[in-house]
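Asks: Just passing along the structure, written as structure tokens.
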Amino acid sequence: MSDALTPGPEHKFTFGLWTVGHPGHDPFGDPVRPPIDPAETVRRLADLGVWGISFHDDDLIPPRAAPGERGQVLKRFRKALDETGMVVSMATTNLFKHPVFKEGAFTANDPQVRRYALAKTLRAIDLGADLGAQTYVFWGGREGTEALAAVPPLDALDRYREAIDFLAGYATDRDYGLRFAIEPKPNEPRGDAFLPTVGHVLAFISSLDYHDMVGVNPEVAHETMVGLSFFHAVAQAIWAGKLYHVDLNAQKAGRYDQDLRFGSEGIKDTFFFVKLLEDSGYDGPRQFDARPYRTERDQGIWDFAAGCMRTYLLLAEKARQFDADPQIAEALEAAKAPQLAEPTVGAYSADEAERLKSAAFDVEALAAQTYHNDRLDQLVIELLLGVRG
Ligand code: GCO
Ligand code: MN
Ligand code: MN
């Protein structure tokens, strides 16, 4: 069966090995599910219509792998990729789990820790490129601090920039054709993280020598944790030409990092995000970085994965209905939404500045205008609740 709600390779849905494979431990409780072999994950996801898989170096090759085990794991993984047609969409480095990174990785105070973090990443980039990844993600899990005095932030940002530029130089030198995507997160596991939001990352990128090959990997949960609109964050990344990857899940504002099934919270912001992504022509991976509830195991894991994709496709369908709805079109006119696309004055000229200063504005009449935003928003709510279209 193929319809608008059936996931297929054309949707470019991807999952990280660490998502469906998460054994369900949390800071208070032990694992609730057994680990899943990466090759098995590839097969199960391919059956659901998933296009790609991503991993941290350590998700694929166990850090304490015995000699010979690496080759075996890779062989099984490649076989599963070949047999299913699944691609490796993204690769990344685990720079947060091992205690060596407890004080930071690229921004650790100890230069030897920083150099080790770079060495681990260089090897992980080789692995990712070898398996065909086109995007390399940097999430600075341990880049931050609790003791504000301990980590001078200006130096930390210098070291962060040095690391990303060095690695970008390496990937370029090796001709890997990789693009880098930096993933912001405000906190957790650190009390305060460096590069906490999409805006911070965009500003940071502009300071890089290799700024052209570096973009952003925004995540629903991470912007939402601090009460920001993910929709607007992604819009700014697209506007800057820097949306290189995206992590999809769900999150309640003001909570710990919940990694919930895509679309299961914050449905309105999520809807406008999906509509934006669909309208924007973004053709990169749509990665789900979420986890099944701790209550799930076995079939529950795959139901969770299917649910993420189904909700995305349902929202994409709602976006098409939004565009085709004449009452919504009228309400958009009433809100003057199309007029925001018209330039205000164009480029600066002294003449135009004079014309503006001497123009007569009927400020009272402008102030008395109505925009009917409540009506427009109610139409959106009714669309989402399924009573329109
Ligand atoms: C998190 C992050 C990670 C990253 C992953 C890939 O909150 O733990 O979202 O899941 O996305 O490390 O970089
Ligand atoms: Mn996350
Ligand atoms: Mn993520």
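In the structure tokens, chains take letters A, B, ... by order of appearance, with residues numbered from 1 within each chain and ligands from 1 in the order shown.
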Looking only at alpha helix (DSSP H) from DSSP on the backbone, list the matching residues of segment 50-87 of chain A as a PyMOL selection string.
Replies: chain A and resi 57-60+69-84
Asks: DSSP says strand (DSSP E) for which residues of segment 149-336 of chain A? Put them as an MDAnalysis selection string?
Replies: chainID A and resid 179:183 192:193 214:216 247:248 286:288
Asks: Just the residues within 7 Å of segment 35-50 of chain A, please, counting only C-alpha atoms, with nothing from its chain fewer than 6 positions along; format it as a list of chain:residue names.
Replies: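 Residues meeting the cut-off are A:Pro7, A:Gly8, A:Pro9, A:Phe13, A:Thr14, A:Leu17, A:Gly21, A:Pro23, A:Leu60, A:Arg76, A:Phe77, A:Ala80, A:Leu81, A:Thr84, A:Met86, A:Ala306.
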Asks: Identify, on the basis of only C-alpha atoms, every residue whose closest approach to Ala203 of chain A does not exceed 12 Å; exclude the query and any residue fewer than 3 positions from it along the same chain; express the result as a tab-separated table (two decimals) with N, CA, C and O atoms, in the first residue's frame.
Replies:
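Wrote part39.tsv, looks like this:
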```
chain	number	residue	atom	x	y	z
A	157	LEU	N	34.79	29.06	24.29
A	157	LEU	CA	34.30	29.28	22.92
A	157	LEU	C	35.46	29.27	21.92
A	157	LEU	O	35.32	28.75	20.80
A	161	ARG	N	35.64	26.56	18.86
A	161	ARG	CA	35.85	26.97	17.47
A	161	ARG	C	37.09	26.28	16.89
A	161	ARG	O	37.07	25.79	15.76
A	182	ILE	N	25.85	21.39	13.92
A	182	ILE	CA	26.00	21.53	15.37
A	182	ILE	C	24.62	21.55	16.02
A	182	ILE	O	23.71	22.25	15.56
A	184	PRO	N	22.38	22.40	19.17
A	184	PRO	CA	22.33	23.13	20.43
A	184	PRO	C	21.49	22.42	21.48
A	184	PRO	O	20.57	21.67	21.14
A	195	LEU	N	26.74	26.87	23.61
A	195	LEU	CA	25.91	26.76	22.40
A	195	LEU	C	24.52	26.22	22.75
A	195	LEU	O	24.11	25.17	22.29
A	196	PRO	N	23.79	26.97	23.60
A	196	PRO	CA	22.53	26.46	24.15
A	196	PRO	C	21.32	26.48	23.21
A	196	PRO	O	20.39	25.71	23.41
A	197	THR	N	21.30	27.37	22.22
A	197	THR	CA	20.10	27.44	21.35
A	197	THR	C	20.54	27.60	19.89
A	197	THR	O	21.70	27.87	19.59
A	198	VAL	N	19.57	27.49	19.00
A	198	VAL	CA	19.83	27.66	17.57
A	198	VAL	C	20.47	29.02	17.29
A	198	VAL	O	21.43	29.13	16.52
A	199	GLY	N	19.98	30.05	17.96
A	199	GLY	CA	20.54	31.39	17.75
A	199	GLY	C	22.01	31.45	18.12
A	199	GLY	O	22.82	32.05	17.39
A	200	HIS	N	22.37	30.84	19.25
A	200	HIS	CA	23.78	30.83	19.65
A	200	HIS	C	24.63	30.10	18.61
A	200	HIS	O	25.74	30.53	18.28
A	206	SER	N	29.18	31.73	12.31
A	206	SER	CA	29.70	32.85	11.51
A	206	SER	C	31.14	33.20	11.89
A	206	SER	O	31.82	33.91	11.16
A	207	SER	N	31.61	32.66	13.03
A	207	SER	CA	32.99	32.95	13.44
A	207	SER	C	33.98	31.89	12.94
A	207	SER	O	35.18	32.01	13.16
A	208	LEU	N	33.48	30.85	12.28
A	208	LEU	CA	34.36	29.73	11.89
A	208	LEU	C	35.10	30.00	10.57
A	208	LEU	O	34.54	30.64	9.67
A	211	HIS	N	32.99	28.18	7.83
A	211	HIS	CA	31.56	28.43	8.10
A	211	HIS	C	30.64	27.88	7.02
A	211	HIS	O	29.51	27.52	7.29
A	214	VAL	N	29.40	24.25	7.74
A	214	VAL	CA	28.81	23.98	9.06
A	214	VAL	C	27.43	24.62	9.16
A	214	VAL	O	27.25	25.80	8.84
A	215	GLY	N	26.46	23.83	9.60
A	215	GLY	CA	25.09	24.31	9.81
A	215	GLY	C	24.58	23.88	11.17
A	215	GLY	O	25.36	23.51	12.06
A	216	VAL	N	23.25	23.90	11.31
A	216	VAL	CA	22.63	23.60	12.61
A	216	VAL	C	21.83	22.31	12.54
A	216	VAL	O	21.27	21.97	11.50
A	236	GLN	N	14.49	30.38	11.57
A	236	GLN	CA	15.70	31.21	11.52
A	236	GLN	C	16.87	30.45	10.91
A	236	GLN	O	17.69	31.02	10.17
A	237	ALA	N	16.95	29.15	11.20
A	237	ALA	CA	18.01	28.33	10.60
A	237	ALA	C	17.84	28.25	9.08
A	237	ALA	O	18.79	28.37	8.31
A	240	ALA	N	18.74	31.50	7.44
A	240	ALA	CA	20.19	31.69	7.37
A	240	ALA	C	20.85	30.70	6.40
A	240	ALA	O	22.08	30.70	6.26
A	242	LYS	N	21.05	27.50	6.89
A	242	LYS	CA	21.89	26.66	7.75
A	242	LYS	C	21.17	25.45	8.34
A	242	LYS	O	21.66	24.84	9.28
```
Asks: For ligand 2, collect every residue having any atom at a distance of at most 10 Å from a ligand atom (counting only C-alpha atoms and all ligand atoms); output as a list in words.
Replies: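 Sorted by chain and then by number, the residues are Trp139, Gly141, Glu183, Pro184, Lys185, Glu188, Pro218, Glu219, Val220, Ala221, His222, Glu223, Met225, Asp247, Leu248, Asn249, Ala250, Gln251, Asp257, Gln258, Asp259, Leu260, Asp289, Ala290 and Arg291 of chain A.
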Asks: To one decimal in Å, tell me the separation between atom CA of Ile53 of chain A and atom CA of Thr295 of chain A.
Replies: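 Computed distance, atom CA of Ile53 of chain A to atom CA of Thr295 of chain A, equals 24.0 Å.
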Asks: Counting only C-alpha atoms and all ligand atoms, figure out which residue out of A:Pro27, A:Gly284, A:Gly263, A:Gly140 gets nearest to ligand 1.
Replies: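 Closest to ligand 1 of all the choices is A:Gly140.
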Asks: Please compute the atom CA of Ala359 of chain A-atom CA of Asn373 of chain A distance, one decimal, in Å.
Replies: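 Separation between atom CA of Ala359 of chain A and atom CA of Asn373 of chain A: 29.0 Å.
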Asks: For a quick check of understanding, using only C-alpha atoms, which of A:Asp82, A:Ala124, A:Leu384, A:Glu143 has the smallest distance to Phe101 of chain A?
Replies: A:Glu143
